[in-house]
Amino acid sequence: MGAFVLQWRSVRVVFGVGSLDRLSDEVRRLGAERALVLATPGQRRIADEAATVLRSLAAGVYAEAVMHVPIETVRAGRESAARLNADSLIAVGGGSTIGLAKAIALETGLPIVAIPTTYSGSEMTSIYGLTDGGVKKTGRDLRVLPKTVVYDPTLTVSLPPRVSATSGLNAMAHCVEALYTRDLHRVRSHFAALGIRALARSLPIVVEAPANLDARSHALKGAWLAGSALNEATMGIHHRLCHTLGGSFNLPHAEVHAVVLPHATAFNRDAAPEAMRRIAGELDAPDAAQGIYDLAIRLGAPSSLSEIGMRQKDLDRAARLATENPYENPRPVEYEGVRQLLEEAYNGTRPARPS
Ligand code: NAD
């Protein structure tokens, strides 16, 4: 047996229908007694529900989280935490809310309990993002890794089918890229493969029957596995490209992931044959890229960059931005290939059959 180095991060995971009821115990377990509950304005109801569960342990609710974590919102959130003398943060929501909690924790060191209500997987990572002066920066820091994650599938039932589909494909993207990263340990690649399977089986049921708690549970389990895999892996062309498209062209995060994933997978097809076999196997499809494309269509997710607001005249600039700094990817990332990938994603054509 070969030697290896594996850094296990310690995140406590509480999973199951009704687990929100355990929130007070989980906060006390951290030694905290004044928790600030964070949410987006649209999820205020769930934030209030969490505050009700917490009773005297709730210091207040700050429901101002917005997409891309603008620095102004972070400052206001930090002031709110200081004013209320908060000793912990409860992030109830998707990647935007968890992102706000991370940005506050980065400076204050306050412990985070995350209660994810989408499939972004952010709750399992030490990756943070912050938009300052119109530029989104990302980084990794262990201070932002939640101490505890409470997964309650009941809270995801209200997630609309289109958001469920795109957010689920965002999670699948973490698994796909984790499977061809150079530094992924076998245990983590198992997480990624199980994540693809759980998502591919559950998402079609979730979009057809949003209140199906069994399917919701499996989708959330897929998100947990995906976030865990993402935390350990170096991301390749797919995440870099989505970051460029979201950050510089203001396209919606999960929808960009849903559109680009089949094409980024096809881009790497010949350079990562073992990963492709594994992805296709978990999807029960003959080809990984085509299998993901067909799943996205079945889920009713957007399939082209044109339909989510990208302009054709910006494709050259996007390809230049995505290739100006070198990064790791199974296939070398060069302008011509990326421009072609973007053209296919713009048109939303089904990836060609492997030759
Ligand atoms: P989001 O958090 O913006 O949520 C999308 C929409 O769904 C919002 O309007 C939200 O209010 C709504 N919503 C959330 N839960 C709901 C529910 N249960 N019912 C009804 N509506 C609900 O989007 P997202 O896709 O979860 O996250 C995207 C953000 O997360 C991006 O900024 C991205 O960069 C970040 N992200 C970070 C990581 C990481 O590891 N740091 C990983 C993935 C995504």
# chains A, B, ... in the order shown; residues from 1 in each chain; ligands from 1
>>> residues_near_ligand(ligand="ligand 1", cutoff="6 Å", atoms="only C-alpha atoms and all ligand atoms", output="mmCIF file with N, CA, C and O atoms, in the first residue's frame")
data_model
loop_
_atom_site.group_PDB
_atom_site.id
_atom_site.type_symbol
_atom_site.label_atom_id
_atom_site.label_comp_id
_atom_site.auth_asym_id
_atom_site.auth_seq_id
_atom_site.Cartn_x
_atom_site.Cartn_y
_atom_site.Cartn_z
ATOM 1 N N THR A 40 -31.302 35.524 3.260
ATOM 2 C CA THR A 40 -31.633 36.511 2.222
ATOM 3 C C THR A 40 -33.012 37.086 2.581
ATOM 4 O O THR A 40 -33.768 36.447 3.330
ATOM 5 N N GLY A 42 -35.615 37.034 0.886
ATOM 6 C CA GLY A 42 -36.643 36.077 0.456
ATOM 7 C C GLY A 42 -36.821 34.903 1.416
ATOM 8 O O GLY A 42 -37.861 34.244 1.417
ATOM 9 N N GLN A 43 -35.797 34.624 2.204
ATOM 10 C CA GLN A 43 -35.854 33.470 3.118
ATOM 11 C C GLN A 43 -36.074 33.893 4.574
ATOM 12 O O GLN A 43 -35.760 33.152 5.502
ATOM 13 N N MET A 67 -26.666 37.924 -3.515
ATOM 14 C CA MET A 67 -25.730 37.172 -4.363
ATOM 15 C C MET A 67 -24.369 37.886 -4.444
ATOM 16 O O MET A 67 -24.315 39.119 -4.454
ATOM 17 N N HIS A 68 -23.302 37.115 -4.482
ATOM 18 C CA HIS A 68 -21.920 37.594 -4.694
ATOM 19 C C HIS A 68 -21.291 38.327 -3.508
ATOM 20 O O HIS A 68 -20.215 38.907 -3.636
ATOM 21 N N GLY A 93 -29.845 29.211 4.491
ATOM 22 C CA GLY A 93 -30.100 29.571 3.099
ATOM 23 C C GLY A 93 -29.134 28.912 2.136
ATOM 24 O O GLY A 93 -28.509 27.897 2.459
ATOM 25 N N GLY A 94 -28.997 29.537 0.969
ATOM 26 C CA GLY A 94 -28.116 28.988 -0.057
ATOM 27 C C GLY A 94 -26.706 29.541 0.038
ATOM 28 O O GLY A 94 -26.315 30.102 1.075
ATOM 29 N N GLY A 95 -25.977 29.412 -1.060
ATOM 30 C CA GLY A 95 -24.575 29.837 -1.083
ATOM 31 C C GLY A 95 -24.398 31.318 -0.789
ATOM 32 O O GLY A 95 -23.374 31.714 -0.233
ATOM 33 N N SER A 96 -25.391 32.137 -1.116
ATOM 34 C CA SER A 96 -25.257 33.577 -0.863
ATOM 35 C C SER A 96 -25.256 33.863 0.637
ATOM 36 O O SER A 96 -24.473 34.677 1.127
ATOM 37 N N THR A 97 -26.140 33.204 1.369
ATOM 38 C CA THR A 97 -26.217 33.428 2.821
ATOM 39 C C THR A 97 -25.013 32.826 3.529
ATOM 40 O O THR A 97 -24.418 33.447 4.422
ATOM 41 N N THR A 117 -30.167 25.446 2.395
ATOM 42 C CA THR A 117 -31.486 25.205 1.808
ATOM 43 C C THR A 117 -31.412 25.118 0.285
ATOM 44 O O THR A 117 -32.436 25.138 -0.396
ATOM 45 N N THR A 118 -30.181 25.095 -0.267
ATOM 46 C CA THR A 118 -29.979 24.813 -1.694
ATOM 47 C C THR A 118 -28.903 23.717 -1.758
ATOM 48 O O THR A 118 -28.479 23.201 -0.717
ATOM 49 N N SER A 120 -25.747 24.148 -3.089
ATOM 50 C CA SER A 120 -24.471 24.758 -3.506
ATOM 51 C C SER A 120 -23.244 24.044 -2.932
ATOM 52 O O SER A 120 -22.177 24.073 -3.518
ATOM 53 N N GLY A 121 -23.372 23.430 -1.767
ATOM 54 C CA GLY A 121 -22.243 22.708 -1.152
ATOM 55 C C GLY A 121 -21.284 23.623 -0.403
ATOM 56 O O GLY A 121 -20.332 23.144 0.229
ATOM 57 N N SER A 122 -21.522 24.919 -0.421
ATOM 58 C CA SER A 122 -20.602 25.877 0.207
ATOM 59 C C SER A 122 -20.383 25.590 1.692
ATOM 60 O O SER A 122 -19.316 25.860 2.243
ATOM 61 N N THR A 125 -17.147 23.789 2.721
ATOM 62 C CA THR A 125 -15.837 24.229 2.240
ATOM 63 C C THR A 125 -15.273 25.401 3.047
ATOM 64 O O THR A 125 -16.009 26.162 3.674
ATOM 65 N N ILE A 127 -13.788 27.680 1.420
ATOM 66 C CA ILE A 127 -13.629 28.651 0.328
ATOM 67 C C ILE A 127 -14.606 29.813 0.563
ATOM 68 O O ILE A 127 -15.777 29.589 0.846
ATOM 69 N N TYR A 128 -14.092 31.039 0.473
ATOM 70 C CA TYR A 128 -14.980 32.191 0.607
ATOM 71 C C TYR A 128 -14.864 33.089 -0.621
ATOM 72 O O TYR A 128 -13.896 33.010 -1.380
ATOM 73 N N LEU A 155 -36.576 21.851 4.794
ATOM 74 C CA LEU A 155 -36.386 23.265 4.456
ATOM 75 C C LEU A 155 -36.148 23.484 2.965
ATOM 76 O O LEU A 155 -36.146 24.612 2.493
ATOM 77 N N THR A 156 -35.927 22.407 2.212
ATOM 78 C CA THR A 156 -35.655 22.561 0.774
ATOM 79 C C THR A 156 -36.914 22.364 -0.074
ATOM 80 O O THR A 156 -36.881 22.562 -1.287
ATOM 81 N N SER A 158 -39.491 24.094 -0.426
ATOM 82 C CA SER A 158 -39.980 25.315 -1.093
ATOM 83 C C SER A 158 -39.062 25.784 -2.224
ATOM 84 O O SER A 158 -39.364 26.751 -2.912
ATOM 85 N N LEU A 159 -37.937 25.116 -2.396
ATOM 86 C CA LEU A 159 -36.999 25.532 -3.452
ATOM 87 C C LEU A 159 -37.647 25.238 -4.819
ATOM 88 O O LEU A 159 -37.976 24.095 -5.122
ATOM 89 N N SER A 167 -29.143 24.391 -9.117
ATOM 90 C CA SER A 167 -28.320 24.251 -7.924
ATOM 91 C C SER A 167 -27.801 22.800 -7.809
ATOM 92 O O SER A 167 -26.642 22.569 -7.447
ATOM 93 N N HIS A 253 -25.160 32.498 -10.945
ATOM 94 C CA HIS A 253 -24.174 31.469 -10.590
ATOM 95 C C HIS A 253 -24.582 30.036 -10.963
ATOM 96 O O HIS A 253 -23.905 29.371 -11.738
ATOM 97 N N ALA A 254 -25.692 29.555 -10.386
ATOM 98 C CA ALA A 254 -26.044 28.135 -10.580
ATOM 99 C C ALA A 254 -26.424 27.858 -12.044
ATOM 100 O O ALA A 254 -26.127 26.785 -12.585
#
>>> residues_around(residues="Pro111 in chain A", least_positions_apart="3", cutoff="9 Å", atoms="only C-alpha atoms", output="number ranges by chain")
A: 30, 32, 87-90, 105, 108, 143-148
>>> write_last_selection(atoms="N, CA and C atoms", output="PDB file, in the first residue's frame")
ATOM      1  N   LEU A  30     -21.426  24.357  20.945  1.00  0.00           N
ATOM      2  CA  LEU A  30     -20.287  25.206  20.566  1.00  0.00           C
ATOM      3  C   LEU A  30     -19.938  26.186  21.694  1.00  0.00           C
ATOM      4  N   ALA A  32     -21.924  28.532  22.614  1.00  0.00           N
ATOM      5  CA  ALA A  32     -22.462  29.844  22.243  1.00  0.00           C
ATOM      6  C   ALA A  32     -23.827  30.061  22.881  1.00  0.00           C
ATOM      7  N   ASP A  87     -22.228  35.842  19.494  1.00  0.00           N
ATOM      8  CA  ASP A  87     -21.036  34.996  19.663  1.00  0.00           C
ATOM      9  C   ASP A  87     -21.014  33.848  18.654  1.00  0.00           C
ATOM     10  N   SER A  88     -21.961  33.852  17.707  1.00  0.00           N
ATOM     11  CA  SER A  88     -22.009  32.793  16.696  1.00  0.00           C
ATOM     12  C   SER A  88     -22.931  33.245  15.563  1.00  0.00           C
ATOM     13  N   LEU A  89     -22.792  32.590  14.409  1.00  0.00           N
ATOM     14  CA  LEU A  89     -23.592  32.926  13.227  1.00  0.00           C
ATOM     15  C   LEU A  89     -24.353  31.691  12.764  1.00  0.00           C
ATOM     16  N   ILE A  90     -25.631  31.876  12.458  1.00  0.00           N
ATOM     17  CA  ILE A  90     -26.420  30.771  11.907  1.00  0.00           C
ATOM     18  C   ILE A  90     -26.788  31.179  10.481  1.00  0.00           C
ATOM     19  N   ALA A 105     -17.234  35.847   9.341  1.00  0.00           N
ATOM     20  CA  ALA A 105     -16.355  35.016  10.180  1.00  0.00           C
ATOM     21  C   ALA A 105     -14.879  35.242   9.869  1.00  0.00           C
ATOM     22  N   THR A 108     -14.134  38.265  12.088  1.00  0.00           N
ATOM     23  CA  THR A 108     -14.521  38.205  13.510  1.00  0.00           C
ATOM     24  C   THR A 108     -14.146  36.890  14.176  1.00  0.00           C
ATOM     25  N   ARG A 143     -10.890  29.580   8.988  1.00  0.00           N
ATOM     26  CA  ARG A 143     -11.808  30.317   9.883  1.00  0.00           C
ATOM     27  C   ARG A 143     -13.232  30.343   9.340  1.00  0.00           C
ATOM     28  N   VAL A 144     -13.393  30.198   8.020  1.00  0.00           N
ATOM     29  CA  VAL A 144     -14.747  30.316   7.445  1.00  0.00           C
ATOM     30  C   VAL A 144     -15.454  28.962   7.309  1.00  0.00           C
ATOM     31  N   LEU A 145     -14.744  27.900   7.613  1.00  0.00           N
ATOM     32  CA  LEU A 145     -15.369  26.566   7.518  1.00  0.00           C
ATOM     33  C   LEU A 145     -16.388  26.409   8.651  1.00  0.00           C
ATOM     34  N   PRO A 146     -17.668  26.162   8.323  1.00  0.00           N
ATOM     35  CA  PRO A 146     -18.644  26.000   9.408  1.00  0.00           C
ATOM     36  C   PRO A 146     -18.225  24.912  10.404  1.00  0.00           C
ATOM     37  N   LYS A 147     -18.561  25.147  11.675  1.00  0.00           N
ATOM     38  CA  LYS A 147     -18.241  24.154  12.712  1.00  0.00           C
ATOM     39  C   LYS A 147     -19.262  23.025  12.648  1.00  0.00           C
ATOM     40  N   THR A 148     -20.503  23.396  12.338  1.00  0.00           N
ATOM     41  CA  THR A 148     -21.593  22.414  12.313  1.00  0.00           C
ATOM     42  C   THR A 148     -22.481  22.695  11.099  1.00  0.00           C
TER      43      THR A 148
END
>>> closest_atom_pairs(of="range 105-215 of chain A", to="range 262-278 of chain A", cutoff="9 Å", atoms="only C-alpha atoms", output="CSV")
residue,atom,partner,partner_atom,distance
A:Val176,CA,A:Thr265,CA,7.8
A:Glu177,CA,A:Thr265,CA,8.5
A:Leu179,CA,A:Ala275,CA,5.5
A:Tyr180,CA,A:Ala275,CA,5.7
A:Ala193,CA,A:Arg278,CA,7.2
>>> write_last_selection(atoms="C-alpha atoms", output="tab-separated table (two decimals), in the first residue's frame")
chain	number	residue	atom	x	y	z
A	176	VAL	CA	-17.16	16.03	-11.82
A	177	GLU	CA	-14.16	18.30	-11.35
A	179	LEU	CA	-12.89	13.29	-10.08
A	180	TYR	CA	-10.12	14.55	-12.35
A	193	ALA	CA	-18.87	9.44	-7.35
>>> closest_residue(among="A:Gly133, A:Gly168, A:Gly77, A:Gly246", to="Gly309 in chain A", atoms="only C-alpha atoms")
A:Gly246
>>> atom_distance(atom1="CA of Ala171 in chain A", atom2="CA of Val17 in chain A")
20.4 Å
>>> closest_residue(among="A:Val11, A:Ala58, A:Val338, A:Val92", to="Arg45 in chain A", atoms="only C-alpha atoms")
A:Val92
>>> select_by_dssp(residues="range 203-276 of chain A", states="helix (DSSP H, G or I)", output="number ranges by chain")
A: 203-208, 213-232, 237-249, 253-267, 269-271, 273-276
>>> residues_around(residues="Lys136 in chain A", least_positions_apart="5", cutoff="10 Å", atoms="only C-alpha atoms", output="MDAnalysis selection string")
chainID A and resid 68:71 129:131 243:244 246:248
>>> atom_distance(atom1="CA of Met310 in chain A", atom2="CA of Val256 in chain A")
9.8 Å
>>> atom_distance(atom1="CA of Thr181 in chain A", atom2="CA of Val14 in chain A")
28.1 Å
>>> residues_around(residues="Ser228 in chain A", least_positions_apart="5", cutoff="10 Å", atoms="only C-alpha atoms", output="list in words")
Arg9, Val11, Gly121, Ser122, Glu123, Met124, Thr125, His174, Cys175, Ala178, Arg188, Phe191, Ala192, Gly195, Gly222, Ala223 and Ala233 of chain A
>>> closest_residue(among="A:Val61, A:Ile112, A:Leu220, A:Ala318", to="Leu84 in chain A", atoms="only C-alpha atoms")
A:Val61
>>> residues_around(residues="Val333 in chain A", least_positions_apart="2", cutoff="10 Å", atoms="only C-alpha atoms", output="ChimeraX atom specification")
/A:236-237,267-268,322-331,335-338
>>> write_last_selection(atoms="N, CA and C atoms", output="short mmCIF file (atom, residue, chain, number, x, y, z; two decimals), in the first residue's frame")
data_model
loop_
_atom_site.label_atom_id
_atom_site.label_comp_id
_atom_site.auth_asym_id
_atom_site.auth_seq_id
_atom_site.Cartn_x
_atom_site.Cartn_y
_atom_site.Cartn_z
N GLY A 236 -10.79 22.84 -11.90
CA GLY A 236 -10.25 23.02 -13.24
C GLY A 236 -11.06 23.98 -14.08
N ILE A 237 -11.07 23.72 -15.38
CA ILE A 237 -11.66 24.64 -16.36
C ILE A 237 -13.12 25.00 -16.05
N PHE A 267 -14.87 18.95 -23.07
CA PHE A 267 -13.54 19.55 -23.29
C PHE A 267 -12.45 18.64 -22.73
N ASN A 268 -12.71 18.07 -21.56
CA ASN A 268 -11.69 17.24 -20.88
C ASN A 268 -11.81 15.75 -21.21
N ALA A 322 -10.58 33.87 -19.44
CA ALA A 322 -10.50 32.52 -18.83
C ALA A 322 -9.17 31.83 -19.12
N THR A 323 -8.38 32.40 -20.01
CA THR A 323 -7.11 31.73 -20.36
C THR A 323 -5.89 32.59 -20.05
N GLU A 324 -6.11 33.77 -19.42
CA GLU A 324 -4.93 34.64 -19.23
C GLU A 324 -4.01 34.17 -18.11
N ASN A 325 -4.54 33.44 -17.13
CA ASN A 325 -3.66 32.90 -16.07
C ASN A 325 -3.67 31.39 -16.15
N PRO A 326 -2.49 30.77 -16.13
CA PRO A 326 -2.46 29.30 -16.24
C PRO A 326 -3.04 28.63 -14.99
N TYR A 327 -3.71 27.50 -15.14
CA TYR A 327 -4.16 26.72 -14.00
C TYR A 327 -4.27 25.26 -14.40
N GLU A 328 -4.36 24.44 -13.35
CA GLU A 328 -4.35 23.00 -13.60
C GLU A 328 -5.66 22.50 -14.19
N ASN A 329 -5.55 21.64 -15.18
CA ASN A 329 -6.72 21.04 -15.80
C ASN A 329 -6.20 19.85 -16.60
N PRO A 330 -6.97 18.77 -16.71
CA PRO A 330 -6.44 17.61 -17.45
C PRO A 330 -5.98 17.97 -18.87
N ARG A 331 -6.79 18.77 -19.60
CA ARG A 331 -6.38 19.20 -20.93
C ARG A 331 -5.84 20.63 -20.84
N TYR A 335 -6.56 29.31 -25.62
CA TYR A 335 -7.62 30.18 -26.13
C TYR A 335 -8.54 29.48 -27.13
N GLU A 336 -7.97 28.84 -28.15
CA GLU A 336 -8.80 28.27 -29.22
C GLU A 336 -9.82 27.26 -28.68
N GLY A 337 -9.32 26.35 -27.85
CA GLY A 337 -10.21 25.31 -27.31
C GLY A 337 -11.31 25.90 -26.42
N VAL A 338 -10.95 26.87 -25.60
CA VAL A 338 -11.93 27.48 -24.69
C VAL A 338 -12.94 28.30 -25.48
#
>>> closest_residue(among="A:Leu225, A:Ala258, A:Ala35, A:Val157", to="Pro210 in chain A", atoms="only C-alpha atoms")
A:Val157
>>> closest_atom_pairs(of="range 232-253 of chain A", to="range 300-306 of chain A", cutoff="12 Å", atoms="only C-alpha atoms", output="tab-separated table")
residue	atom	partner	partner_atom	distance
A:Cys242	CA	A:Leu305	CA	11.0
A:Leu245	CA	A:Leu305	CA	9.5
A:Gly246	CA	A:Leu305	CA	11.2
A:Phe249	CA	A:Leu305	CA	11.0
A:Asn250	CA	A:Leu305	CA	11.9
A:Leu251	CA	A:Leu305	CA	8.8
A:Pro252	CA	A:Leu305	CA	10.5
A:His253	CA	A:Leu305	CA	11.9
>>> write_last_selection(atoms="all heavy atoms", output="compact mmCIF listing (two decimals), in the first residue's frame")
# COMPACT_ATOMS: atom_id res chain seq x y z
N CYS A 242 -16.83 29.31 -15.10
CA CYS A 242 -18.07 29.80 -14.46
C CYS A 242 -17.79 31.03 -13.61
O CYS A 242 -18.60 31.96 -13.55
CB CYS A 242 -18.70 28.70 -13.60
SG CYS A 242 -19.36 27.37 -14.60
N LEU A 245 -17.48 33.89 -16.06
CA LEU A 245 -18.78 34.27 -16.64
C LEU A 245 -19.68 34.94 -15.60
O LEU A 245 -20.39 35.90 -15.91
CB LEU A 245 -19.47 33.04 -17.23
CG LEU A 245 -18.78 32.44 -18.46
CD1 LEU A 245 -19.38 31.09 -18.83
CD2 LEU A 245 -18.86 33.39 -19.65
N GLY A 246 -19.64 34.44 -14.37
CA GLY A 246 -20.47 35.04 -13.32
C GLY A 246 -19.90 36.38 -12.89
O GLY A 246 -20.62 37.37 -12.78
N PHE A 249 -19.39 38.95 -16.29
CA PHE A 249 -20.53 39.17 -17.19
C PHE A 249 -21.85 39.11 -16.43
O PHE A 249 -22.92 39.08 -17.03
CB PHE A 249 -20.49 38.16 -18.35
CG PHE A 249 -19.23 38.28 -19.15
CD1 PHE A 249 -18.12 37.50 -18.84
CD2 PHE A 249 -19.12 39.22 -20.16
CE1 PHE A 249 -16.93 37.64 -19.55
CE2 PHE A 249 -17.94 39.36 -20.88
CZ PHE A 249 -16.83 38.57 -20.57
N ASN A 250 -21.73 39.02 -15.11
CA ASN A 250 -22.89 39.09 -14.22
C ASN A 250 -23.97 38.05 -14.54
O ASN A 250 -25.16 38.35 -14.46
CB ASN A 250 -23.47 40.51 -14.27
CG ASN A 250 -24.26 40.82 -13.02
OD1 ASN A 250 -24.00 40.22 -11.96
ND2 ASN A 250 -25.26 41.68 -13.12
N LEU A 251 -23.56 36.85 -14.90
CA LEU A 251 -24.55 35.79 -15.17
C LEU A 251 -24.87 35.06 -13.87
O LEU A 251 -24.02 34.96 -12.99
CB LEU A 251 -24.01 34.80 -16.21
CG LEU A 251 -23.63 35.39 -17.58
CD1 LEU A 251 -23.24 34.27 -18.54
CD2 LEU A 251 -24.78 36.19 -18.17
N PRO A 252 -26.08 34.53 -13.72
CA PRO A 252 -26.46 33.87 -12.45
C PRO A 252 -25.66 32.60 -12.19
O PRO A 252 -25.50 31.76 -13.09
CB PRO A 252 -27.95 33.56 -12.66
CG PRO A 252 -28.20 33.67 -14.13
CD PRO A 252 -27.15 34.55 -14.71
N HIS A 253 -25.16 32.50 -10.95
CA HIS A 253 -24.17 31.47 -10.59
C HIS A 253 -24.58 30.04 -10.96
O HIS A 253 -23.90 29.37 -11.74
CB HIS A 253 -23.90 31.56 -9.08
CG HIS A 253 -22.98 30.51 -8.57
ND1 HIS A 253 -21.61 30.63 -8.65
CD2 HIS A 253 -23.22 29.31 -8.01
CE1 HIS A 253 -21.05 29.54 -8.15
NE2 HIS A 253 -22.01 28.72 -7.74
>>> closest_residue(among="A:Leu199, A:Leu299, A:Leu341, A:Ile279", to="Leu315 in chain A", atoms="only C-alpha atoms")
A:Leu341
>>> closest_residue(among="A:Arg34, A:Pro116, A:Glu49, A:Met172", to="Ala81 in chain A", atoms="only C-alpha atoms")
A:Arg34
>>> decode(residues="range 342-350 of chain A", atoms="all heavy atoms", output="compact mmCIF listing (two decimals), in the first residue's frame")
# COMPACT_ATOMS: atom_id res chain seq x y z
N LEU A 342 -16.93 27.72 -25.43
CA LEU A 342 -17.89 28.80 -25.16
C LEU A 342 -18.93 28.92 -26.28
O LEU A 342 -20.10 29.17 -26.02
CB LEU A 342 -17.15 30.13 -24.99
CG LEU A 342 -16.53 30.35 -23.61
CD1 LEU A 342 -15.61 31.56 -23.63
CD2 LEU A 342 -17.62 30.54 -22.55
N GLU A 343 -18.49 28.71 -27.52
CA GLU A 343 -19.42 28.78 -28.65
C GLU A 343 -20.50 27.70 -28.49
O GLU A 343 -21.70 27.95 -28.66
CB GLU A 343 -18.63 28.54 -29.96
CG GLU A 343 -19.43 28.75 -31.23
CD GLU A 343 -19.76 30.23 -31.46
OE1 GLU A 343 -18.97 31.10 -31.03
OE2 GLU A 343 -20.83 30.49 -32.04
N GLU A 344 -20.03 26.48 -28.12
CA GLU A 344 -20.99 25.38 -27.96
C GLU A 344 -21.94 25.64 -26.78
O GLU A 344 -23.14 25.37 -26.87
CB GLU A 344 -20.24 24.06 -27.79
CG GLU A 344 -19.69 23.57 -29.13
CD GLU A 344 -18.49 22.64 -29.03
OE1 GLU A 344 -18.24 22.12 -27.93
OE2 GLU A 344 -17.81 22.46 -30.05
N ALA A 345 -21.39 26.18 -25.70
CA ALA A 345 -22.24 26.49 -24.54
C ALA A 345 -23.21 27.62 -24.88
O ALA A 345 -24.35 27.64 -24.43
CB ALA A 345 -21.38 26.87 -23.34
N TYR A 346 -22.74 28.57 -25.69
CA TYR A 346 -23.61 29.70 -26.07
C TYR A 346 -24.82 29.18 -26.86
O TYR A 346 -25.96 29.57 -26.62
CB TYR A 346 -22.82 30.70 -26.91
CG TYR A 346 -23.66 31.87 -27.36
CD1 TYR A 346 -23.91 32.94 -26.49
CD2 TYR A 346 -24.24 31.90 -28.62
CE1 TYR A 346 -24.71 34.01 -26.87
CE2 TYR A 346 -25.05 32.96 -29.01
CZ TYR A 346 -25.28 34.01 -28.13
OH TYR A 346 -26.09 35.05 -28.50
N ASN A 347 -24.54 28.25 -27.78
CA ASN A 347 -25.63 27.72 -28.62
C ASN A 347 -26.44 26.64 -27.91
O ASN A 347 -27.57 26.36 -28.30
CB ASN A 347 -25.05 27.15 -29.92
CG ASN A 347 -24.48 28.26 -30.80
OD1 ASN A 347 -25.05 29.33 -30.87
ND2 ASN A 347 -23.34 28.00 -31.42
N GLY A 348 -25.84 26.00 -26.91
CA GLY A 348 -26.55 24.96 -26.17
C GLY A 348 -26.73 23.67 -26.94
O GLY A 348 -27.70 22.93 -26.73
N THR A 349 -25.77 23.37 -27.82
CA THR A 349 -25.86 22.14 -28.60
C THR A 349 -25.43 20.93 -27.76
O THR A 349 -24.59 21.07 -26.86
CB THR A 349 -24.95 22.21 -29.84
OG1 THR A 349 -23.71 22.78 -29.44
CG2 THR A 349 -25.57 23.08 -30.92
N ARG A 350 -25.99 19.76 -28.07
CA ARG A 350 -25.60 18.55 -27.33
C ARG A 350 -24.15 18.21 -27.68
O ARG A 350 -23.79 18.23 -28.87
CB ARG A 350 -26.52 17.39 -27.74
CG ARG A 350 -26.34 16.13 -26.92
CD ARG A 350 -27.44 15.12 -27.27
NE ARG A 350 -27.46 13.99 -26.38
CZ ARG A 350 -27.06 12.75 -26.71
NH1 ARG A 350 -26.62 12.50 -27.93
NH2 ARG A 350 -27.10 11.78 -25.82
